file my_file-v3.cif (mmCIF, C-alpha atoms and all ligand atoms)
data_final
#
loop_
_atom_site.label_atom_id
_atom_site.label_comp_id
_atom_site.auth_asym_id
_atom_site.auth_seq_id
_atom_site.Cartn_x
_atom_site.Cartn_y
_atom_site.Cartn_z
CA MET A 1 214.91 181.67 91.92
CA ASN A 2 213.00 178.79 93.58
CA ARG A 3 213.82 180.21 97.03
CA ALA A 4 212.52 183.66 96.09
CA PRO A 5 209.18 184.75 97.59
CA ILE A 6 205.86 185.00 95.79
CA GLY A 7 204.78 188.63 95.43
CA ILE A 8 201.11 189.30 96.17
CA PHE A 9 199.40 192.66 95.90
CA ASP A 10 196.05 194.28 96.44
CA SER A 11 194.51 197.72 96.74
CA GLY A 12 194.59 197.26 100.53
CA ILE A 13 193.60 194.62 103.01
CA GLY A 14 191.31 192.37 100.96
CA GLY A 15 194.06 190.48 99.18
CA LEU A 16 194.87 188.83 102.49
CA THR A 17 192.04 186.37 101.71
CA VAL A 18 194.05 185.26 98.67
CA THR A 19 197.23 185.22 100.77
CA ARG A 20 195.51 182.95 103.33
CA ALA A 21 194.49 180.57 100.58
CA ILE A 22 198.09 180.55 99.24
CA TYR A 23 199.48 179.81 102.74
CA ASP A 24 197.05 176.92 103.13
CA ARG A 25 197.84 175.38 99.77
CA LEU A 26 201.57 176.18 99.67
CA PRO A 27 202.94 176.19 103.23
CA GLY A 28 206.53 175.88 102.01
CA GLU A 29 206.46 179.15 100.02
CA SER A 30 207.58 182.57 101.27
CA THR A 31 205.54 185.64 100.37
CA ILE A 32 205.74 189.43 100.21
CA TYR A 33 202.35 191.11 100.41
CA PHE A 34 201.88 194.72 99.29
CA GLY A 35 198.64 196.47 100.25
CA ASP A 36 198.13 199.90 98.72
CA THR A 37 196.32 201.25 101.79
CA ALA A 38 197.19 204.86 100.89
CA ARG A 39 195.18 204.68 97.67
CA VAL A 40 192.44 202.14 98.42
CA PRO A 41 189.71 201.70 97.14
CA TYR A 42 190.48 200.83 93.52
CA GLY A 43 186.85 199.80 92.82
CA PRO A 44 185.50 203.25 91.88
CA LYS A 45 188.70 204.51 90.15
CA SER A 46 189.30 204.78 86.40
CA PRO A 47 191.03 201.92 84.54
CA GLU A 48 193.99 204.22 83.75
CA THR A 49 194.55 205.11 87.40
CA VAL A 50 194.27 201.50 88.56
CA ARG A 51 196.76 200.47 85.85
CA ARG A 52 199.23 203.15 86.90
CA TYR A 53 199.05 202.17 90.58
CA SER A 54 199.33 198.47 89.72
CA LEU A 55 202.41 199.00 87.53
CA GLU A 56 204.11 200.92 90.33
CA ILE A 57 203.49 198.06 92.75
CA LEU A 58 204.70 195.50 90.20
CA GLN A 59 207.93 197.41 89.79
CA TRP A 60 208.44 197.51 93.55
CA LEU A 61 207.76 193.78 93.99
CA VAL A 62 210.08 192.86 91.12
CA GLY A 63 212.75 195.01 92.81
CA GLN A 64 212.32 192.81 95.91
CA GLY A 65 213.28 189.76 93.83
CA VAL A 66 209.93 187.92 93.70
CA LYS A 67 209.66 184.87 91.43
CA LEU A 68 206.02 185.40 90.52
CA VAL A 69 203.38 188.09 91.08
CA VAL A 70 199.81 187.37 92.14
CA VAL A 71 197.37 190.20 91.48
CA ALA A 72 195.02 189.48 94.38
CA CYS A 73 192.77 192.46 93.61
CA ASN A 74 189.90 191.77 91.22
CA THR A 75 189.67 195.41 90.11
CA SER A 76 193.39 195.52 89.36
CA THR A 77 193.19 192.20 87.51
CA ALA A 78 190.25 193.54 85.48
CA HIS A 79 191.98 196.75 84.43
CA ALA A 80 195.70 196.00 84.53
CA LEU A 81 196.53 192.31 84.04
CA GLU A 82 197.61 192.64 80.41
CA ALA A 83 199.71 195.74 81.10
CA LEU A 84 201.33 194.01 84.07
CA ARG A 85 202.15 190.91 82.02
CA GLY A 86 203.65 193.09 79.32
CA ALA A 87 205.86 194.89 81.83
CA SER A 88 206.92 192.01 84.07
CA PRO A 89 210.07 189.86 83.86
CA VAL A 90 208.34 187.21 86.04
CA PRO A 91 204.99 185.44 85.54
CA VAL A 92 201.89 187.40 86.62
CA LEU A 93 198.69 185.68 87.69
CA GLY A 94 195.34 187.37 88.29
CA VAL A 95 192.24 186.27 90.17
CA ILE A 96 189.69 186.46 87.34
CA GLU A 97 190.81 183.62 85.09
CA PRO A 98 190.88 181.02 87.91
CA GLY A 99 187.48 182.17 89.22
CA ALA A 100 185.98 182.07 85.73
CA ARG A 101 187.32 178.56 85.11
CA ALA A 102 185.77 177.31 88.35
CA ALA A 103 182.42 178.92 87.49
CA VAL A 104 182.34 177.26 84.08
CA ALA A 105 183.02 173.89 85.72
CA ALA A 106 180.41 174.46 88.44
CA THR A 107 177.37 175.73 86.53
CA SER A 108 174.61 173.19 85.99
CA ARG A 109 172.01 175.23 84.07
CA GLY A 110 174.43 177.60 82.31
CA SER A 111 173.51 180.76 84.21
CA VAL A 112 176.32 182.37 86.20
CA GLY A 113 176.15 185.47 88.41
CA VAL A 114 179.15 187.68 89.12
CA ILE A 115 179.42 190.27 91.90
CA GLY A 116 182.30 192.71 92.31
CA THR A 117 183.29 196.36 92.57
CA ALA A 118 181.93 198.94 90.13
CA GLY A 119 185.19 198.81 88.16
CA THR A 120 185.33 195.03 87.91
CA ILE A 121 181.72 194.79 86.74
CA ALA A 122 182.01 197.71 84.28
CA SER A 123 185.11 196.10 82.73
CA ASN A 124 183.15 192.92 81.85
CA ALA A 125 186.35 191.01 82.55
CA TYR A 126 184.59 188.08 84.28
CA ARG A 127 181.93 187.86 81.56
CA ARG A 128 184.63 187.79 78.87
CA ALA A 129 186.71 185.19 80.73
CA ILE A 130 183.68 182.94 81.32
CA GLN A 131 182.31 183.24 77.79
CA ALA A 132 185.79 182.73 76.27
CA GLN A 133 185.64 179.23 77.76
CA SER A 134 181.96 178.58 77.18
CA PRO A 135 180.27 181.10 74.85
CA ALA A 136 176.74 179.82 75.48
CA LEU A 137 176.80 180.61 79.21
CA VAL A 138 174.63 183.48 80.39
CA VAL A 139 176.53 185.83 82.73
CA GLU A 140 174.54 188.19 84.95
CA GLN A 141 176.62 190.84 86.74
CA VAL A 142 175.92 193.20 89.63
CA ALA A 143 178.26 195.74 91.24
CA CYS A 144 178.02 195.64 95.05
CA PRO A 145 180.16 198.59 96.23
CA LEU A 146 178.60 198.82 99.69
CA LEU A 147 179.79 195.35 100.66
CA VAL A 148 183.49 196.36 100.85
CA PRO A 149 183.08 198.91 103.69
CA LEU A 150 180.73 196.57 105.57
CA VAL A 151 183.34 193.80 105.48
CA GLU A 152 186.11 196.21 106.49
CA GLU A 153 183.95 197.16 109.47
CA GLY A 154 183.93 193.49 110.46
CA TRP A 155 180.18 193.19 109.83
CA PHE A 156 180.41 189.74 108.29
CA ASP A 157 177.10 188.50 109.58
CA ARG A 158 175.02 191.48 110.69
CA PRO A 159 171.39 192.18 109.74
CA ALA A 160 172.49 195.41 107.98
CA THR A 161 174.89 193.47 105.76
CA GLU A 162 172.24 190.88 104.96
CA LEU A 163 169.78 193.63 104.03
CA VAL A 164 172.30 195.21 101.64
CA ALA A 165 173.26 191.83 100.17
CA ARG A 166 169.59 190.93 99.55
CA GLU A 167 169.01 194.23 97.78
CA TYR A 168 171.95 193.57 95.43
CA LEU A 169 171.30 189.87 94.91
CA THR A 170 167.53 189.78 94.43
CA PRO A 171 167.77 190.60 90.70
CA LEU A 172 170.34 187.80 90.25
CA MET A 173 168.08 185.33 92.04
CA ALA A 174 165.15 186.43 89.87
CA ARG A 175 167.21 185.56 86.78
CA GLY A 176 167.72 182.04 88.09
CA ILE A 177 171.52 181.88 88.36
CA ASP A 178 172.87 178.56 89.66
CA THR A 179 176.45 179.74 90.37
CA LEU A 180 177.71 182.98 91.93
CA VAL A 181 181.29 184.20 91.50
CA LEU A 182 182.53 186.20 94.49
CA GLY A 183 184.52 188.60 92.30
CA CYS A 184 186.01 190.79 95.02
CA THR A 185 188.69 190.14 97.63
CA HIS A 186 186.30 190.97 100.48
CA TYR A 187 183.43 188.66 99.63
CA PRO A 188 184.91 185.32 100.83
CA LEU A 189 184.39 186.69 104.35
CA LEU A 190 180.66 186.92 103.60
CA LYS A 191 180.34 183.33 102.39
CA PRO A 192 177.98 182.11 105.15
CA LEU A 193 175.74 185.17 104.74
CA LEU A 194 175.75 185.05 100.94
CA GLY A 195 175.08 181.32 101.03
CA ARG A 196 172.05 181.94 103.21
CA VAL A 197 170.76 184.73 100.97
CA MET A 198 171.20 182.75 97.74
CA GLY A 199 170.09 179.39 99.12
CA PRO A 200 171.71 175.96 98.86
CA GLN A 201 170.93 175.52 95.16
CA VAL A 202 173.44 178.26 94.18
CA ARG A 203 177.16 177.36 94.13
CA LEU A 204 179.49 180.08 95.47
CA ILE A 205 182.84 180.41 93.71
CA ASP A 206 185.64 181.77 95.85
CA SER A 207 188.26 183.30 93.57
CA ALA A 208 190.81 183.23 96.43
CA GLU A 209 190.84 179.43 96.64
CA GLU A 210 190.84 179.04 92.86
CA THR A 211 193.75 181.46 92.53
CA ALA A 212 195.81 179.57 95.12
CA ARG A 213 195.21 176.40 93.11
CA ALA A 214 196.38 178.20 89.93
CA VAL A 215 199.51 179.49 91.73
CA ALA A 216 200.34 175.93 92.81
CA GLU A 217 199.96 174.68 89.23
CA LEU A 218 202.09 177.49 87.83
CA LEU A 219 204.91 176.84 90.31
CA VAL A 220 205.02 173.18 89.33
CA ASP A 221 204.71 173.83 85.57
CA SER A 222 207.44 176.49 85.63
CA ASP A 223 209.65 174.52 87.99
CA LEU A 224 209.63 177.39 90.47
CA SER A 225 208.53 175.61 93.68
CA ALA A 226 210.61 176.19 96.81
CA SER A 227 212.70 173.16 97.74
CA PRO A 228 211.43 171.25 100.78
CA GLY A 229 213.01 172.53 103.99
CA SER A 230 213.80 176.04 102.68
CA PRO A 231 213.18 178.75 105.31
CA VAL A 232 209.69 180.25 105.02
CA TYR A 233 208.92 183.90 105.78
CA HIS A 234 206.01 186.27 105.17
CA ARG A 235 206.54 190.01 104.79
CA PHE A 236 203.71 192.55 104.84
CA VAL A 237 204.17 195.99 103.31
CA VAL A 238 201.60 198.78 103.07
CA SER A 239 201.62 202.30 101.69
CA ASP A 240 199.86 203.86 104.71
CA ASP A 241 198.07 203.29 108.02
CA GLU A 242 199.98 200.25 109.22
CA PRO A 243 198.08 199.90 112.55
CA ARG A 244 194.68 199.61 110.84
CA PHE A 245 196.11 197.16 108.30
CA ARG A 246 197.27 194.91 111.11
CA GLN A 247 194.07 195.28 113.10
CA VAL A 248 191.57 194.67 110.28
CA GLY A 249 193.93 192.46 108.30
CA SER A 250 194.18 189.93 111.11
CA ARG A 251 190.52 189.07 110.51
CA PHE A 252 191.12 188.61 106.80
CA ILE A 253 194.13 186.34 107.18
CA GLY A 254 192.86 184.57 110.29
CA GLU A 255 195.96 185.18 112.42
CA THR A 256 197.60 188.07 114.26
CA LEU A 257 199.66 190.31 112.02
CA ALA A 258 202.59 191.23 114.25
CA SER A 259 204.21 193.83 112.02
CA ALA A 260 204.05 195.50 108.62
CA GLU A 261 206.48 197.83 106.90
CA VAL A 262 205.41 201.13 105.32
CA VAL A 263 206.63 202.00 101.82
CA ALA A 264 205.23 205.01 99.96
CA LEU A 265 204.89 204.65 96.19
CA GLY A 266 204.21 207.16 93.43
N1 LIG B 1 190.48 194.64 96.29
C1 LIG B 1 189.33 195.16 95.59
C2 LIG B 1 188.82 194.09 94.62
O1 LIG B 1 189.01 192.90 94.80
C3 LIG B 1 188.23 195.60 96.53
C4 LIG B 1 188.55 196.88 97.31
C5 LIG B 1 188.78 198.08 96.44
O2 LIG B 1 187.82 198.62 95.85
O3 LIG B 1 189.92 198.49 96.30
O4 LIG B 1 188.21 194.42 93.64
#
call {"tool": "encode", "arguments": {"input": "my_file-v3.cif", "output": "structure tokens"}}
result
Amino acid sequence: MNRAPIGIFDSGIGGLTVTRAIYDRLPGESTIYFGDTARVPYGPKSPETVRRYSLEILQWLVGQGVKLVVVACNTSTAHALEALRGASPVPVLGVIEPGARAAVAATSRGSVGVIGTAGTIASNAYRRAIQAQSPALVVEQVACPLLVPLVEEGWFDRPATELVAREYLTPLMARGIDTLVLGCTHYPLLKPLLGRVMGPQVRLIDSAEETARAVAELLVDSDLSASPGSPVYHRFVVSDDEPRFRQVGSRFIGETLASAEVVALG
């Protein structure tokens, strides 16, 4: 089992930020990434639909022999993590718990902001995870649905993106948050812009990095790490539009994506 790959999935391209963080932290591990590009976005969809899609992907990844599944999508983690854990023969890790833990550790005045898709924010999953660890913390949440298409367009640092970000974040700034959780796969690419908008006094929490750290811990604790010197490979699988996945995805993962397979689910 130690030689088996880590399964990673997302609604589409965004989970490649989590994949990048896993590569950086665990260069000796192989991965299979599934991006549900046929059915993206998950953000505005109902919890039931997101759960159904997520369970289908889990089943496919388990069929590929993965040793662990990382739910790189915040929306899927918010709506489906429990169902996935109940259905999976291998450990399943989401992005919300690690991000929440980091926010609790980072906050200085006890006021944490969370931004994410409409589904993630409506689920209150981050608020619950943060307050489960520290009930006195105030958690202010804002859905920022327009940021996903702007990032997919490659507009990481354009005036239009900054304008939209300011509109969303002004209420959070007015409430005096000292920490901001980037609760969506796409937001790590906006870190410089969001840092500028929020100012240096606000700590930005990147769920991708925190999740990679949690994956590393889980591999050690469960004795599932690949042995040194094992061959390393990375497979990319999408449910549609492979050329766009490779083109846009290269920016997310920070390297050229030479090929991706297409597998239709559902
Ligand atoms: N991957 C999603 C998330 O992290 C963002 C894109 C979508 O709405 O599917 O919530």
call {"tool": "axis_aligned_box", "arguments": {"input": "my_file-v3.cif", "around": "range 118-137 of chain A", "padding_each_side": "4 Å", "output": "AutoDock Vina command-line options"}}
result
--center_x 181.7 --center_y 188.8 --center_z 82.5 --size_x 18.0 --size_y 28.4 --size_z 23.3
call {"tool": "residues_near_ligand", "arguments": {"input": "my_file-v3.cif", "ligand": "ligand LIG 1 (chain B)", "cutoff": "6 Å", "atoms": "all atoms listed in the file", "output": "MDAnalysis selection string"}}
result
chainID A and resid 10:11 14 40:43 73:75 117 184:185
call {"tool": "closest_residue", "arguments": {"input": "my_file-v3.cif", "among": "A:Ala212, A:Ile115, A:Ala105, A:Leu218", "to": "Leu180 in chain A", "atoms": "all atoms listed in the file"}}
result
A:Ile115
call {"tool": "closest_atom_pairs", "arguments": {"input": "my_file-v3.cif", "of": "range 2-24 of chain A", "to": "range 253-256 of chain A", "cutoff": "12 Å", "atoms": "only C-alpha atoms", "output": "CSV"}}
result
residue,atom,partner,partner_atom,distance
A:Ile13,CA,A:Ile253,CA,9.3
A:Gly14,CA,A:Ile253,CA,9.1
A:Gly15,CA,A:Ile253,CA,9.0
A:Leu16,CA,A:Ile253,CA,5.4
A:Thr17,CA,A:Ile253,CA,5.9
A:Val18,CA,A:Ile253,CA,8.6
A:Thr19,CA,A:Ile253,CA,7.2
A:Arg20,CA,A:Ile253,CA,5.3
A:Ala21,CA,A:Ile253,CA,8.8
A:Ile22,CA,A:Ile253,CA,10.6
A:Tyr23,CA,A:Ile253,CA,9.5
A:Asp24,CA,A:Ile253,CA,10.7
call {"tool": "closest_residue", "arguments": {"input": "my_file-v3.cif", "among": "A:Arg251, A:Arg128, A:Arg175, A:Arg158", "to": "Leu189 in chain A", "atoms": "only C-alpha atoms"}}
result
A:Arg251
call {"tool": "residues_around", "arguments": {"input": "my_file-v3.cif", "residues": "Ala103 in chain A", "least_positions_apart": "3", "cutoff": "9 Å", "atoms": "all atoms listed in the file", "output": "PyMOL selection string"}}
result
chain A and resi 98-100+106-107+112+130+179-181+203-205
call {"tool": "closest_residue", "arguments": {"input": "my_file-v3.cif", "among": "A:Thr170, A:Gly154, A:Pro47, A:Ala136", "to": "Gln247 in chain A", "atoms": "all atoms listed in the file"}}
result
A:Gly154
call {"tool": "atom_distance", "arguments": {"input": "my_file-v3.cif", "atom1": "CA of Ser76 in chain A", "atom2": "CA of Val263 in chain A"}}
result
19.3 Å
call {"tool": "closest_residue", "arguments": {"input": "my_file-v3.cif", "among": "A:Gly86, A:Asp178, A:Phe9, A:Leu93", "to": "Tyr53 in chain A", "atoms": "all atoms listed in the file"}}
result
A:Phe9
call {"tool": "closest_residue", "arguments": {"input": "my_file-v3.cif", "among": "A:Leu182, A:Val90, A:Ala80, A:Val151", "to": "Glu209 in chain A", "atoms": "all atoms listed in the file"}}
result
A:Leu182
call {"tool": "residues_around", "arguments": {"input": "my_file-v3.cif", "residues": "Tyr168 in chain A", "least_positions_apart": "5", "cutoff": "8 Å", "atoms": "all atoms listed in the file", "output": "list in words"}}
result
Val142, Ala143 and Cys144 of chain A
call {"tool": "closest_residue", "arguments": {"input": "my_file-v3.cif", "among": "A:Ala208, A:Ala83, A:Leu172, A:Leu193", "to": "Glu48 in chain A", "atoms": "only C-alpha atoms"}}
result
A:Ala83
call {"tool": "atom_distance", "arguments": {"input": "my_file-v3.cif", "atom1": "CA of Pro192 in chain A", "atom2": "CA of Ser111 in chain A"}}
result
21.5 Å
call {"tool": "residues_around", "arguments": {"input": "my_file-v3.cif", "residues": "Glu97 in chain A", "least_positions_apart": "4", "cutoff": "8 Å", "atoms": "only C-alpha atoms", "output": "PyMOL selection string"}}
result
chain A and resi 101+126+129
call {"tool": "atom_distance", "arguments": {"input": "my_file-v3.cif", "atom1": "CA of Val232 in chain A", "atom2": "CA of Val248 in chain A"}}
result
23.7 Å
call {"tool": "decode", "arguments": {"input": "my_file-v3.cif", "residues": "range 9-26 of chain A", "atoms": "N, CA, C and O atoms", "output": "mmCIF file, in the first residue's frame"}}
result
data_model
loop_
_atom_site.group_PDB
_atom_site.id
_atom_site.type_symbol
_atom_site.label_atom_id
_atom_site.label_comp_id
_atom_site.auth_asym_id
_atom_site.auth_seq_id
_atom_site.Cartn_x
_atom_site.Cartn_y
_atom_site.Cartn_z
ATOM 1 N N PHE A 9 -8.863 15.021 -5.450
ATOM 2 C CA PHE A 9 -9.874 15.448 -6.419
ATOM 3 C C PHE A 9 -10.421 16.823 -6.124
ATOM 4 O O PHE A 9 -10.348 17.327 -5.014
ATOM 5 N N ASP A 10 -10.985 17.394 -7.185
ATOM 6 C CA ASP A 10 -11.563 18.736 -7.110
ATOM 7 C C ASP A 10 -12.672 18.836 -8.149
ATOM 8 O O ASP A 10 -12.760 18.001 -9.051
ATOM 9 N N SER A 11 -13.455 19.890 -8.035
ATOM 10 C CA SER A 11 -14.508 20.123 -9.029
ATOM 11 C C SER A 11 -13.912 20.414 -10.408
ATOM 12 O O SER A 11 -14.594 20.300 -11.416
ATOM 13 N N GLY A 12 -12.654 20.807 -10.472
ATOM 14 C CA GLY A 12 -12.060 21.114 -11.782
ATOM 15 C C GLY A 12 -10.568 21.317 -11.670
ATOM 16 O O GLY A 12 -9.824 20.401 -11.316
ATOM 17 N N ILE A 13 -10.173 22.551 -11.928
ATOM 18 C CA ILE A 13 -8.753 22.880 -12.030
ATOM 19 C C ILE A 13 -8.151 23.316 -10.699
ATOM 20 O O ILE A 13 -6.979 23.098 -10.419
ATOM 21 N N GLY A 14 -8.993 23.946 -9.856
ATOM 22 C CA GLY A 14 -8.490 24.628 -8.655
ATOM 23 C C GLY A 14 -7.685 23.751 -7.713
ATOM 24 O O GLY A 14 -6.732 24.214 -7.084
ATOM 25 N N GLY A 15 -8.047 22.473 -7.631
ATOM 26 C CA GLY A 15 -7.366 21.581 -6.695
ATOM 27 C C GLY A 15 -5.895 21.385 -7.026
ATOM 28 O O GLY A 15 -5.140 20.804 -6.239
ATOM 29 N N LEU A 16 -5.483 21.895 -8.188
ATOM 30 C CA LEU A 16 -4.059 21.800 -8.530
ATOM 31 C C LEU A 16 -3.215 22.653 -7.588
ATOM 32 O O LEU A 16 -2.023 22.392 -7.430
ATOM 33 N N THR A 17 -3.817 23.660 -6.933
ATOM 34 C CA THR A 17 -3.041 24.423 -5.935
ATOM 35 C C THR A 17 -2.695 23.518 -4.745
ATOM 36 O O THR A 17 -1.595 23.592 -4.202
ATOM 37 N N VAL A 18 -3.642 22.660 -4.381
ATOM 38 C CA VAL A 18 -3.395 21.709 -3.282
ATOM 39 C C VAL A 18 -2.377 20.663 -3.746
ATOM 40 O O VAL A 18 -1.472 20.276 -2.999
ATOM 41 N N THR A 19 -2.510 20.236 -4.996
ATOM 42 C CA THR A 19 -1.584 19.240 -5.555
ATOM 43 C C THR A 19 -0.157 19.791 -5.550
ATOM 44 O O THR A 19 0.793 19.098 -5.181
ATOM 45 N N ARG A 20 -0.021 21.061 -5.951
ATOM 46 C CA ARG A 20 1.311 21.705 -5.933
ATOM 47 C C ARG A 20 1.906 21.662 -4.530
ATOM 48 O O ARG A 20 3.070 21.316 -4.321
ATOM 49 N N ALA A 21 1.073 22.017 -3.557
ATOM 50 C CA ALA A 21 1.561 22.043 -2.175
ATOM 51 C C ALA A 21 1.956 20.633 -1.713
ATOM 52 O O ALA A 21 2.936 20.462 -0.985
ATOM 53 N N ILE A 22 1.223 19.613 -2.182
ATOM 54 C CA ILE A 22 1.558 18.223 -1.823
ATOM 55 C C ILE A 22 2.875 17.810 -2.496
ATOM 56 O O ILE A 22 3.736 17.188 -1.865
ATOM 57 N N TYR A 23 3.060 18.182 -3.758
ATOM 58 C CA TYR A 23 4.342 17.890 -4.436
ATOM 59 C C TYR A 23 5.502 18.488 -3.642
ATOM 60 O O TYR A 23 6.533 17.869 -3.462
ATOM 61 N N ASP A 24 5.329 19.764 -3.260
ATOM 62 C CA ASP A 24 6.434 20.468 -2.605
ATOM 63 C C ASP A 24 6.788 19.824 -1.268
ATOM 64 O O ASP A 24 7.945 19.722 -0.903
ATOM 65 N N ARG A 25 5.760 19.415 -0.539
ATOM 66 C CA ARG A 25 6.017 18.856 0.787
ATOM 67 C C ARG A 25 6.399 17.389 0.734
ATOM 68 O O ARG A 25 7.152 16.904 1.579
ATOM 69 N N LEU A 26 5.846 16.664 -0.269
ATOM 70 C CA LEU A 26 6.043 15.208 -0.332
ATOM 71 C C LEU A 26 6.541 14.781 -1.714
ATOM 72 O O LEU A 26 5.822 14.110 -2.473
#
